[in-house]
$ cat final-v4.pdb   # PDB, C-alpha atoms
ATOM      1  CA  MET A   1     113.916 121.062  96.649
ATOM      2  CA  ARG A   2     111.577 118.081  96.968
ATOM      3  CA  ILE A   3     112.431 114.850  95.193
ATOM      4  CA  TRP A   4     109.893 112.391  93.787
ATOM      5  CA  LEU A   5     111.051 108.814  93.510
ATOM      6  CA  SER A   6     111.704 107.583  90.022
ATOM      7  CA  ALA A   7     112.199 104.352  88.277
ATOM      8  CA  ILE A   8     115.218 102.973  89.802
ATOM      9  CA  CYS A   9     113.434 102.410  92.772
ATOM     10  CA  LEU A  10     110.532 101.069  94.418
ATOM     11  CA  VAL A  11     107.985 100.119  91.805
ATOM     12  CA  ILE A  12     108.094  97.142  89.483
ATOM     13  CA  ALA A  13     105.791  97.709  86.554
ATOM     14  CA  GLY A  14     103.025  95.335  85.589
ATOM     15  CA  THR A  15     102.608  94.209  82.021
ATOM     16  CA  PHE A  16     100.510  96.322  79.682
ATOM     17  CA  ALA A  17      99.814  95.846  75.991
ATOM     18  CA  GLY A  18     100.207  98.244  73.089
ATOM     19  CA  GLN A  19     102.708 100.648  71.633
ATOM     20  CA  ALA A  20     102.781 104.419  71.980
ATOM     21  CA  THR A  21     101.799 106.627  69.053
ATOM     22  CA  ALA A  22     102.626 110.168  70.246
ATOM     23  CA  THR A  23     105.510 112.073  68.707
ATOM     24  CA  TRP A  24     105.748 114.685  71.474
ATOM     25  CA  ALA A  25     106.582 114.304  75.157
ATOM     26  CA  PRO A  26     105.780 117.360  77.293
ATOM     27  CA  TYR A  27     108.685 118.360  79.512
ATOM     28  CA  ARG A  28     106.172 118.862  82.319
ATOM     29  CA  LEU A  29     102.490 117.949  82.311
ATOM     30  CA  VAL A  30      99.975 119.132  84.923
ATOM     31  CA  VAL A  31      96.426 117.752  85.121
ATOM     32  CA  VAL A  32      93.800 119.631  87.152
ATOM     33  CA  ILE A  33      90.507 117.874  87.910
ATOM     34  CA  GLU A  34      87.398 119.917  88.640
ATOM     35  CA  GLU A  35      84.070 118.579  89.873
ATOM     36  CA  ASN A  36      80.476 117.900  88.920
ATOM     37  CA  HIS A  37      79.753 120.454  86.199
ATOM     38  CA  ALA A  38      78.593 120.046  82.648
ATOM     39  CA  TYR A  39      80.212 121.551  79.570
ATOM     40  CA  GLU A  40      77.214 123.843  79.145
ATOM     41  CA  GLN A  41      77.584 125.157  82.703
ATOM     42  CA  ILE A  42      81.217 126.202  82.248
ATOM     43  CA  ILE A  43      81.978 127.028  78.626
ATOM     44  CA  GLY A  44      80.682 130.510  77.873
ATOM     45  CA  ASN A  45      79.938 131.204  81.541
ATOM     46  CA  LYS A  46      80.951 134.751  82.533
ATOM     47  CA  ASP A  47      81.662 133.502  86.052
ATOM     48  CA  ALA A  48      84.563 131.413  84.708
ATOM     49  CA  PRO A  49      86.604 133.959  82.720
ATOM     50  CA  PHE A  50      89.994 132.309  83.236
ATOM     51  CA  ILE A  51      88.784 128.852  82.267
ATOM     52  CA  ASN A  52      87.114 130.267  79.180
ATOM     53  CA  GLN A  53      90.307 132.114  78.271
ATOM     54  CA  LEU A  54      92.172 128.810  78.489
ATOM     55  CA  ALA A  55      89.523 127.247  76.249
ATOM     56  CA  LYS A  56      89.945 130.066  73.732
ATOM     57  CA  GLU A  57      93.746 129.916  73.708
ATOM     58  CA  GLY A  58      94.049 126.135  73.837
ATOM     59  CA  ALA A  59      92.349 123.006  72.534
ATOM     60  CA  LEU A  60      88.759 122.677  73.722
ATOM     61  CA  PHE A  61      87.155 119.249  73.408
ATOM     62  CA  THR A  62      83.459 119.815  72.843
ATOM     63  CA  ASN A  63      82.459 116.148  73.053
ATOM     64  CA  ALA A  64      84.229 115.016  76.239
ATOM     65  CA  HIS A  65      82.502 112.788  78.804
ATOM     66  CA  GLY A  66      82.884 111.214  82.197
ATOM     67  CA  VAL A  67      82.662 107.423  82.248
ATOM     68  CA  ARG A  68      79.895 107.133  84.874
ATOM     69  CA  HIS A  69      78.514 108.617  88.090
ATOM     70  CA  PRO A  70      79.408 109.368  90.891
ATOM     71  CA  SER A  71      82.861 110.937  91.277
ATOM     72  CA  GLN A  72      85.226 108.217  92.469
ATOM     73  CA  PRO A  73      84.995 105.827  89.484
ATOM     74  CA  ASN A  74      85.941 108.685  87.144
ATOM     75  CA  TYR A  75      89.115 109.514  89.062
ATOM     76  CA  LEU A  76      90.069 105.836  89.061
ATOM     77  CA  ALA A  77      89.370 105.602  85.322
ATOM     78  CA  LEU A  78      91.586 108.579  84.509
ATOM     79  CA  PHE A  79      94.430 107.295  86.670
ATOM     80  CA  SER A  80      94.290 103.569  86.002
ATOM     81  CA  GLY A  81      92.162 102.897  82.925
ATOM     82  CA  SER A  82      89.599 101.118  85.078
ATOM     83  CA  THR A  83      86.978 101.933  87.662
ATOM     84  CA  GLN A  84      88.451  99.018  89.647
ATOM     85  CA  GLY A  85      84.935  97.670  90.091
ATOM     86  CA  VAL A  86      83.996 100.740  92.140
ATOM     87  CA  THR A  87      80.498 102.145  91.633
ATOM     88  CA  ASP A  88      80.260 104.600  94.533
ATOM     89  CA  ASP A  89      82.238 107.076  96.648
ATOM     90  CA  LYS A  90      82.760 104.720  99.589
ATOM     91  CA  PRO A  91      86.194 103.631 100.867
ATOM     92  CA  ILE A  92      87.829 101.121  98.538
ATOM     93  CA  HIS A  93      88.455  97.690 100.016
ATOM     94  CA  GLY A  94      91.622  95.718  99.398
ATOM     95  CA  THR A  95      94.039  98.641  99.290
ATOM     96  CA  PRO A  96      96.801  99.019  98.421
ATOM     97  CA  LEU A  97      95.695  97.932  94.983
ATOM     98  CA  LYS A  98      98.086  96.061  92.704
ATOM     99  CA  THR A  99      96.613  96.874  89.307
ATOM    100  CA  PRO A 100      98.357  98.902  86.560
ATOM    101  CA  ASN A 101      98.131 102.677  86.827
ATOM    102  CA  LEU A 102      99.676 105.800  85.326
ATOM    103  CA  GLY A 103     101.902 106.661  88.282
ATOM    104  CA  ALA A 104     103.517 103.230  88.461
ATOM    105  CA  GLY A 105     103.935 103.113  84.691
ATOM    106  CA  LEU A 106     105.729 106.453  84.635
ATOM    107  CA  ILE A 107     108.003 105.637  87.554
ATOM    108  CA  ALA A 108     108.948 102.259  86.154
ATOM    109  CA  HIS A 109     110.023 103.918  82.899
ATOM    110  CA  GLY A 110     112.291 106.522  84.446
ATOM    111  CA  TYR A 111     109.843 109.414  84.846
ATOM    112  CA  THR A 112     108.465 111.004  87.993
ATOM    113  CA  PHE A 113     104.899 111.398  89.217
ATOM    114  CA  ALA A 114     103.089 113.058  92.104
ATOM    115  CA  GLY A 115      99.557 114.071  92.989
ATOM    116  CA  PHE A 116      99.022 117.270  95.001
ATOM    117  CA  SER A 117      95.757 117.432  96.954
ATOM    118  CA  GLU A 118      94.655 120.657  98.586
ATOM    119  CA  SER A 119      93.650 120.351 102.273
ATOM    120  CA  GLN A 120      95.053 116.817 102.550
ATOM    121  CA  PRO A 121      96.517 116.789 106.073
ATOM    122  CA  VAL A 122      99.949 115.218 105.448
ATOM    123  CA  VAL A 123     102.015 113.603 102.707
ATOM    124  CA  GLY A 124     100.968 109.983 102.257
ATOM    125  CA  SER A 125      97.719 110.409 104.173
ATOM    126  CA  ASN A 126      95.141 107.652 103.882
ATOM    127  CA  VAL A 127      92.331 109.371 105.792
ATOM    128  CA  GLN A 128      88.991 109.411 104.003
ATOM    129  CA  SER A 129      88.304 113.097 104.681
ATOM    130  CA  ALA A 130      89.730 116.082 106.526
ATOM    131  CA  ASN A 131      88.418 119.456 107.662
ATOM    132  CA  GLY A 132      85.327 119.105 105.511
ATOM    133  CA  LEU A 133      87.524 120.070 102.537
ATOM    134  CA  TYR A 134      89.652 117.050 101.582
ATOM    135  CA  ALA A 135      88.100 113.868 100.213
ATOM    136  CA  ARG A 136      90.134 110.756  99.464
ATOM    137  CA  LYS A 137      87.574 109.744  96.822
ATOM    138  CA  HIS A 138      89.148 112.520  94.701
ATOM    139  CA  ASN A 139      92.678 111.159  95.247
ATOM    140  CA  PRO A 140      93.007 107.901  93.281
ATOM    141  CA  TRP A 141      96.773 107.320  93.674
ATOM    142  CA  SER A 142      96.301 107.002  97.433
ATOM    143  CA  ASN A 143      94.692 103.623  96.768
ATOM    144  CA  TRP A 144      97.976 102.240  95.389
ATOM    145  CA  GLN A 145     100.338 103.693  97.994
ATOM    146  CA  SER A 146     102.276 101.312 100.217
ATOM    147  CA  LEU A 147     105.065 101.486 102.775
ATOM    148  CA  ASN A 148     106.760  98.659 100.875
ATOM    149  CA  PRO A 149     105.582  99.040  97.285
ATOM    150  CA  GLY A 150     105.175  95.888  95.248
ATOM    151  CA  PRO A 151     104.259  95.575  91.566
ATOM    152  CA  ASN A 152     102.216  98.581  90.379
ATOM    153  CA  GLN A 153     102.189 100.112  93.856
ATOM    154  CA  LEU A 154     103.391 103.587  94.799
ATOM    155  CA  PRO A 155     105.549 105.093  97.540
ATOM    156  CA  LEU A 156     103.843 107.401 100.011
ATOM    157  CA  ALA A 157     106.006 110.285  98.769
ATOM    158  CA  VAL A 158     103.973 110.656  95.565
ATOM    159  CA  ASN A 159     100.797 111.399  97.574
ATOM    160  CA  GLU A 160     101.610 115.057  98.137
ATOM    161  CA  ILE A 161      99.920 118.012  99.815
ATOM    162  CA  PHE A 162      99.245 121.092  97.714
ATOM    163  CA  ALA A 163     101.304 123.276 100.056
ATOM    164  CA  HIS A 164     104.341 121.554  98.513
ATOM    165  CA  PHE A 165     103.435 122.437  94.929
ATOM    166  CA  PRO A 166     106.647 124.113  93.721
ATOM    167  CA  SER A 167     106.778 127.705  92.520
ATOM    168  CA  ASP A 168     109.818 126.724  90.451
ATOM    169  CA  PHE A 169     108.109 124.623  87.807
ATOM    170  CA  GLU A 170     111.411 122.966  86.896
ATOM    171  CA  GLN A 171     110.994 121.122  90.209
ATOM    172  CA  LEU A 172     107.670 119.579  89.216
ATOM    173  CA  PRO A 173     107.518 115.849  88.527
ATOM    174  CA  THR A 174     107.197 114.814  84.900
ATOM    175  CA  VAL A 175     103.456 114.337  85.396
ATOM    176  CA  THR A 176     101.548 116.093  88.151
ATOM    177  CA  PHE A 177      97.907 115.820  89.158
ATOM    178  CA  VAL A 178      96.377 118.717  91.102
ATOM    179  CA  ILE A 179      93.208 118.262  93.150
ATOM    180  CA  PRO A 180      91.701 121.447  94.606
ATOM    181  CA  ASN A 181      89.673 121.039  97.788
ATOM    182  CA  ILE A 182      85.892 120.697  97.562
ATOM    183  CA  ASN A 183      85.290 124.450  97.782
ATOM    184  CA  ASN A 184      87.776 125.190  95.005
ATOM    185  CA  ASP A 185      86.940 122.341  92.613
ATOM    186  CA  GLU A 186      83.256 123.311  92.146
ATOM    187  CA  HIS A 187      81.996 120.459  94.324
ATOM    188  CA  GLY A 188      80.968 122.438  97.384
ATOM    189  CA  ASP A 189      79.262 121.312 100.551
ATOM    190  CA  GLY A 190      75.767 122.543  99.786
ATOM    191  CA  ARG A 191      76.248 125.872 101.559
ATOM    192  CA  ILE A 192      77.787 127.782  98.659
ATOM    193  CA  SER A 193      75.787 128.751  95.576
ATOM    194  CA  ASN A 194      76.675 127.177  92.269
ATOM    195  CA  GLN A 195      77.548 130.574  90.804
ATOM    196  CA  GLN A 196      79.930 131.270  93.669
ATOM    197  CA  LEU A 197      81.519 127.809  93.389
ATOM    198  CA  ILE A 198      82.304 128.419  89.728
ATOM    199  CA  ARG A 199      83.766 131.843  90.501
ATOM    200  CA  MET A 200      85.853 130.426  93.357
ATOM    201  CA  SER A 201      87.235 127.597  91.263
ATOM    202  CA  ASP A 202      88.065 129.943  88.401
ATOM    203  CA  ASP A 203      89.853 132.361  90.732
ATOM    204  CA  TRP A 204      91.724 129.496  92.396
ATOM    205  CA  LEU A 205      92.865 128.069  89.085
ATOM    206  CA  GLU A 206      94.141 131.427  87.863
ATOM    207  CA  LYS A 207      95.903 132.163  91.156
ATOM    208  CA  HIS A 208      97.649 128.803  91.417
ATOM    209  CA  LEU A 209      98.123 127.685  87.795
ATOM    210  CA  GLY A 210      98.094 130.951  85.839
ATOM    211  CA  LEU A 211     101.857 131.341  85.978
ATOM    212  CA  TYR A 212     102.329 127.695  85.071
ATOM    213  CA  VAL A 213     100.223 128.201  81.920
ATOM    214  CA  GLN A 214     102.517 130.996  80.754
ATOM    215  CA  TRP A 215     105.614 128.975  81.649
ATOM    216  CA  ALA A 216     104.302 125.886  79.870
ATOM    217  CA  LYS A 217     103.931 127.797  76.608
ATOM    218  CA  THR A 218     107.654 128.539  76.512
ATOM    219  CA  HIS A 219     108.961 125.347  78.155
ATOM    220  CA  ASN A 220     107.578 122.550  75.995
ATOM    221  CA  SER A 221     104.987 121.757  78.656
ATOM    222  CA  LEU A 222     101.239 121.201  78.962
ATOM    223  CA  LEU A 223      98.233 121.834  81.203
ATOM    224  CA  ILE A 224      95.093 119.709  81.065
ATOM    225  CA  VAL A 225      91.955 120.931  82.835
ATOM    226  CA  THR A 226      89.104 118.443  82.965
ATOM    227  CA  TRP A 227      86.107 117.517  85.106
ATOM    228  CA  ASP A 228      85.343 114.206  86.750
ATOM    229  CA  GLU A 229      81.663 114.141  85.727
ATOM    230  CA  ASP A 230      78.848 116.506  84.827
ATOM    231  CA  ASN A 231      75.899 117.510  87.010
ATOM    232  CA  ASP A 232      74.548 113.943  87.160
ATOM    233  CA  THR A 233      72.996 113.672  83.696
ATOM    234  CA  THR A 234      72.936 110.656  81.407
ATOM    235  CA  ALA A 235      75.061 112.509  78.836
ATOM    236  CA  ASN A 236      77.865 113.102  81.375
ATOM    237  CA  HIS A 237      79.137 115.899  79.120
ATOM    238  CA  ILE A 238      82.165 117.693  80.578
ATOM    239  CA  PRO A 239      84.707 120.312  79.467
ATOM    240  CA  THR A 240      88.251 119.184  78.725
ATOM    241  CA  ILE A 241      90.921 121.763  77.833
ATOM    242  CA  LEU A 242      94.552 121.359  76.753
ATOM    243  CA  ILE A 243      96.880 124.338  76.674
ATOM    244  CA  GLY A 244     100.634 124.562  76.271
ATOM    245  CA  SER A 245     103.586 124.983  73.949
ATOM    246  CA  ASN A 246     102.687 122.340  71.372
ATOM    247  CA  VAL A 247      98.897 122.591  71.270
ATOM    248  CA  ARG A 248      96.980 123.616  68.161
ATOM    249  CA  PRO A 249      94.242 126.013  69.418
ATOM    250  CA  GLY A 250      90.682 125.287  68.369
ATOM    251  CA  LYS A 251      87.569 123.277  69.082
ATOM    252  CA  TYR A 252      87.676 119.516  68.614
ATOM    253  CA  ASP A 253      84.609 117.332  68.356
ATOM    254  CA  GLN A 254      86.283 113.933  68.794
ATOM    255  CA  ARG A 255      84.311 111.968  71.358
ATOM    256  CA  ILE A 256      86.645 111.378  74.276
ATOM    257  CA  ASP A 257      86.420 110.250  77.871
ATOM    258  CA  HIS A 258      88.890 109.664  80.692
ATOM    259  CA  TYR A 259      90.334 106.599  78.976
ATOM    260  CA  ASN A 260      91.275 108.610  75.881
ATOM    261  CA  VAL A 261      92.971 111.259  78.044
ATOM    262  CA  LEU A 262      94.874 108.576  79.944
ATOM    263  CA  ARG A 263      96.023 106.979  76.681
ATOM    264  CA  MET A 264      97.234 110.362  75.452
ATOM    265  CA  ILE A 265      99.388 110.827  78.556
ATOM    266  CA  GLU A 266     100.740 107.277  78.365
ATOM    267  CA  ASP A 267     101.582 107.734  74.702
ATOM    268  CA  PHE A 268     103.405 111.003  75.387
ATOM    269  CA  TYR A 269     105.935 109.099  77.481
ATOM    270  CA  SER A 270     105.809 105.735  75.698
ATOM    271  CA  VAL A 271     104.644 103.928  78.815
ATOM    272  CA  PRO A 272     102.427 100.839  78.561
ATOM    273  CA  ARG A 273      98.687 101.455  78.542
ATOM    274  CA  ALA A 274      96.612 100.560  81.577
ATOM    275  CA  GLY A 275      93.167  99.003  81.406
ATOM    276  CA  HIS A 276      90.686 100.455  78.921
ATOM    277  CA  SER A 277      93.180 103.038  77.706
ATOM    278  CA  GLU A 278      94.585 100.234  75.537
ATOM    279  CA  THR A 279      91.485 100.275  73.315
ATOM    280  CA  ALA A 280      90.713 104.001  73.592
ATOM    281  CA  ALA A 281      91.206 106.074  70.451
ATOM    282  CA  PRO A 282      94.304 108.301  70.468
ATOM    283  CA  ILE A 283      93.984 112.072  70.790
ATOM    284  CA  ILE A 284      96.214 113.470  68.074
ATOM    285  CA  ASP A 285      94.400 116.271  66.202
ATOM    286  CA  ALA A 286      95.203 118.915  68.816
ATOM    287  CA  PHE A 287      98.948 118.601  68.183
ATOM    288  CA  PRO A 288     100.959 119.639  65.115
TER     289      PRO A 288
END
$ encode --input "final-v4.pdb" --output "structure tokens"
Amino acid sequence: MRIWLSAICLVIAGTFAGQATATWAPYRLVVVIEENHAYEQIIGNKDAPFINQLAKEGALFTNAHGVRHPSQPNYLALFSGSTQGVTDDKPIHGTPLKTPNLGAGLIAHGYTFAGFSESQPVVGSNVQSANGLYARKHNPWSNWQSLNPGPNQLPLAVNEIFAHFPSDFEQLPTVTFVIPNINNDEHGDGRISNQQLIRMSDDWLEKHLGLYVQWAKTHNSLLIVTWDEDNDTTANHIPTILIGSNVRPGKYDQRIDHYNVLRMIEDFYSVPRAGHSETAAPIIDAFP
């Protein structure tokens, strides 16, 4: 059994504004982030049958958007409510960062957090890439990790490898982020066709999260599947799907982006809101 460090410990929270509005706190929440595909490329696509089944059974947000291009600022936005001034996919200077973020907020309030990245070489790694499959630009919490965490910083133990993702979902942290490698998240390396990338990501998601979806429905838990950005259009229109035990199935046309999703998670657990999530509209219609 692996243990993720919780509040008593190593992280002193920064100060955020605002009060939570959610009336439900998922027992376990898993967020999966896919890559670089538009809503229109995924929803209704026969090469993504599992994802489309999730969309049918859960809450599908038809007006969801990334916050900008390219990838890295979107991951930072979803995790910390800010792009941290980053406008590209290059290594971030000044790490470990000290700004508010979801992981530190959860830990400081008695919950647990971890991010599981496929093909990351070791727990707590800070390498920029590995094996042509892992990319740190898709792993935002790594930018707050520290050997001696200060305010808003994170212990190395939360920066997990996907090989440690538990099969006993009771052993998951309260909130878990899952980052498939670049062949399984629809990013690709230019050598695999777009059709094949979508099929691979759909198969991977069903293989690794299919059982969790069924478990979540009967264990007061939730899965969120979203994309970092679309295929580089101005609209930046992406799919976002929620499925679990307390989700009202249907299509929702509320305009949301990564800041709204972050606020929703923060509000679930009554943790202070980070960055732009403070002024983002709440997501409430999908829940009874």
$ residues_near_point --input "final-v4.pdb" --point "(101.6, 127.6, 76.1)" --cutoff "12 Å" --atoms "all atoms listed in the file" --output "ChimeraX atom specification"
/A:26,28-29,54,57-59,210-224,242-249
$ resolve_selection --input "final-v4.pdb" --expression "the PyMOL selection byres ((chain A and resi 255) around 6)" --output "PyMOL selection string"
chain A and resi 63-64+254+256
$ atom_distance --input "final-v4.pdb" --atom1 "CA of Leu102 (chain A)" --atom2 "CA of Lys207 (chain A)"
27.3 Å
$ resolve_selection --input "final-v4.pdb" --expression "the PyMOL selection byres ((chain A and resi 173-190) around 8)" --output "ChimeraX atom specification"
/A:4,27-37,111-119,133-135,138-139,162,171-172,191-194,197-198,200-201,204
$ residues_around --input "final-v4.pdb" --residues "Trp141 (chain A)" --least-positions-apart "5" --cutoff "8 Å" --atoms "only C-alpha atoms" --output "MDAnalysis selection string"
chainID A and resid 79 103 115 154 159
$ resolve_selection --input "final-v4.pdb" --expression "the PyMOL selection byres ((chain A and resi 75-78) around 10)" --output "PDB file with C-alpha atoms, in the frame of the given file"
ATOM      1  CA  ILE A  33      90.507 117.874  87.910  1.00  0.00           C
ATOM      2  CA  GLY A  66      82.884 111.214  82.197  1.00  0.00           C
ATOM      3  CA  VAL A  67      82.662 107.423  82.248  1.00  0.00           C
ATOM      4  CA  ARG A  68      79.895 107.133  84.874  1.00  0.00           C
ATOM      5  CA  PRO A  70      79.408 109.368  90.891  1.00  0.00           C
ATOM      6  CA  SER A  71      82.861 110.937  91.277  1.00  0.00           C
ATOM      7  CA  GLN A  72      85.226 108.217  92.469  1.00  0.00           C
ATOM      8  CA  PRO A  73      84.995 105.827  89.484  1.00  0.00           C
ATOM      9  CA  ASN A  74      85.941 108.685  87.144  1.00  0.00           C
ATOM     10  CA  PHE A  79      94.430 107.295  86.670  1.00  0.00           C
ATOM     11  CA  SER A  80      94.290 103.569  86.002  1.00  0.00           C
ATOM     12  CA  GLY A  81      92.162 102.897  82.925  1.00  0.00           C
ATOM     13  CA  SER A  82      89.599 101.118  85.078  1.00  0.00           C
ATOM     14  CA  THR A  83      86.978 101.933  87.662  1.00  0.00           C
ATOM     15  CA  GLN A  84      88.451  99.018  89.647  1.00  0.00           C
ATOM     16  CA  GLY A  85      84.935  97.670  90.091  1.00  0.00           C
ATOM     17  CA  VAL A  86      83.996 100.740  92.140  1.00  0.00           C
ATOM     18  CA  ASN A 101      98.131 102.677  86.827  1.00  0.00           C
ATOM     19  CA  LEU A 102      99.676 105.800  85.326  1.00  0.00           C
ATOM     20  CA  LYS A 137      87.574 109.744  96.822  1.00  0.00           C
ATOM     21  CA  HIS A 138      89.148 112.520  94.701  1.00  0.00           C
ATOM     22  CA  ASN A 139      92.678 111.159  95.247  1.00  0.00           C
ATOM     23  CA  PRO A 140      93.007 107.901  93.281  1.00  0.00           C
ATOM     24  CA  TRP A 141      96.773 107.320  93.674  1.00  0.00           C
ATOM     25  CA  ASN A 143      94.692 103.623  96.768  1.00  0.00           C
ATOM     26  CA  TRP A 227      86.107 117.517  85.106  1.00  0.00           C
ATOM     27  CA  ASP A 228      85.343 114.206  86.750  1.00  0.00           C
ATOM     28  CA  GLU A 229      81.663 114.141  85.727  1.00  0.00           C
ATOM     29  CA  ASP A 257      86.420 110.250  77.871  1.00  0.00           C
ATOM     30  CA  HIS A 258      88.890 109.664  80.692  1.00  0.00           C
ATOM     31  CA  TYR A 259      90.334 106.599  78.976  1.00  0.00           C
ATOM     32  CA  ASN A 260      91.275 108.610  75.881  1.00  0.00           C
ATOM     33  CA  VAL A 261      92.971 111.259  78.044  1.00  0.00           C
ATOM     34  CA  LEU A 262      94.874 108.576  79.944  1.00  0.00           C
ATOM     35  CA  ARG A 263      96.023 106.979  76.681  1.00  0.00           C
ATOM     36  CA  ALA A 274      96.612 100.560  81.577  1.00  0.00           C
ATOM     37  CA  GLY A 275      93.167  99.003  81.406  1.00  0.00           C
ATOM     38  CA  HIS A 276      90.686 100.455  78.921  1.00  0.00           C
ATOM     39  CA  SER A 277      93.180 103.038  77.706  1.00  0.00           C
TER      40      SER A 277
END
$ atom_distance --input "final-v4.pdb" --atom1 "CA of Pro100 (chain A)" --atom2 "CA of Val123 (chain A)"
22.1 Å
$ atom_distance --input "final-v4.pdb" --atom1 "CA of Asn45 (chain A)" --atom2 "CA of Lys251 (chain A)"
16.6 Å
$ closest_residue --input "final-v4.pdb" --among "A:Ile51, A:Ala157, A:Ala104, A:Ile42" --to "Glu266 (chain A)" --atoms "all atoms listed in the file"
A:Ala104
$ closest_residue --input "final-v4.pdb" --among "A:Gln196, A:Thr240, A:Thr226, A:Gln145" --to "Gly94 (chain A)" --atoms "all atoms listed in the file"
A:Gln145
$ closest_residue --input "final-v4.pdb" --among "A:Ser270, A:Gln153, A:Thr233, A:Thr279" --to "His109 (chain A)" --atoms "only C-alpha atoms"
A:Ser270
$ closest_residue --input "final-v4.pdb" --among "A:Gly250, A:Pro121, A:Pro91, A:Gly110" --to "Ala163 (chain A)" --atoms "all atoms listed in the file"
A:Pro121
$ closest_residue --input "final-v4.pdb" --among "A:Pro239, A:Pro96, A:Pro282, A:Pro49" --to "Ser146 (chain A)" --atoms "only C-alpha atoms"
A:Pro96
$ decode --input "final-v4.pdb" --residues "region 107-118 of chain A" --atoms "N, CA and C atoms" --output "compact mmCIF listing (two decimals), in the first residue's frame"
# COMPACT_ATOMS: atom_id res chain seq x y z
N ILE A 107 -3.79 19.14 0.26
CA ILE A 107 -2.95 18.58 1.32
C ILE A 107 -3.07 19.40 2.60
N ALA A 108 -3.07 20.72 2.44
CA ALA A 108 -3.15 21.57 3.61
C ALA A 108 -4.48 21.46 4.34
N HIS A 109 -5.50 20.95 3.66
CA HIS A 109 -6.82 20.82 4.27
C HIS A 109 -7.17 19.37 4.61
N GLY A 110 -6.15 18.52 4.71
CA GLY A 110 -6.37 17.18 5.22
C GLY A 110 -6.68 16.13 4.18
N TYR A 111 -6.63 16.49 2.89
CA TYR A 111 -6.88 15.52 1.82
C TYR A 111 -5.54 15.05 1.25
N THR A 112 -5.62 14.13 0.30
CA THR A 112 -4.41 13.65 -0.35
C THR A 112 -4.49 13.90 -1.84
N PHE A 113 -3.33 14.00 -2.46
CA PHE A 113 -3.23 14.30 -3.89
C PHE A 113 -2.03 13.56 -4.46
N ALA A 114 -2.16 13.11 -5.71
CA ALA A 114 -1.01 12.62 -6.46
C ALA A 114 -1.31 12.72 -7.95
N GLY A 115 -0.26 12.89 -8.73
CA GLY A 115 -0.36 12.83 -10.18
C GLY A 115 0.44 11.65 -10.69
N PHE A 116 -0.18 10.84 -11.56
CA PHE A 116 0.45 9.63 -12.08
C PHE A 116 0.73 9.82 -13.57
N SER A 117 1.99 9.88 -13.94
CA SER A 117 2.38 10.11 -15.33
C SER A 117 2.96 8.84 -15.94
N GLU A 118 2.36 8.42 -17.04
CA GLU A 118 2.85 7.23 -17.73
C GLU A 118 4.19 7.53 -18.39
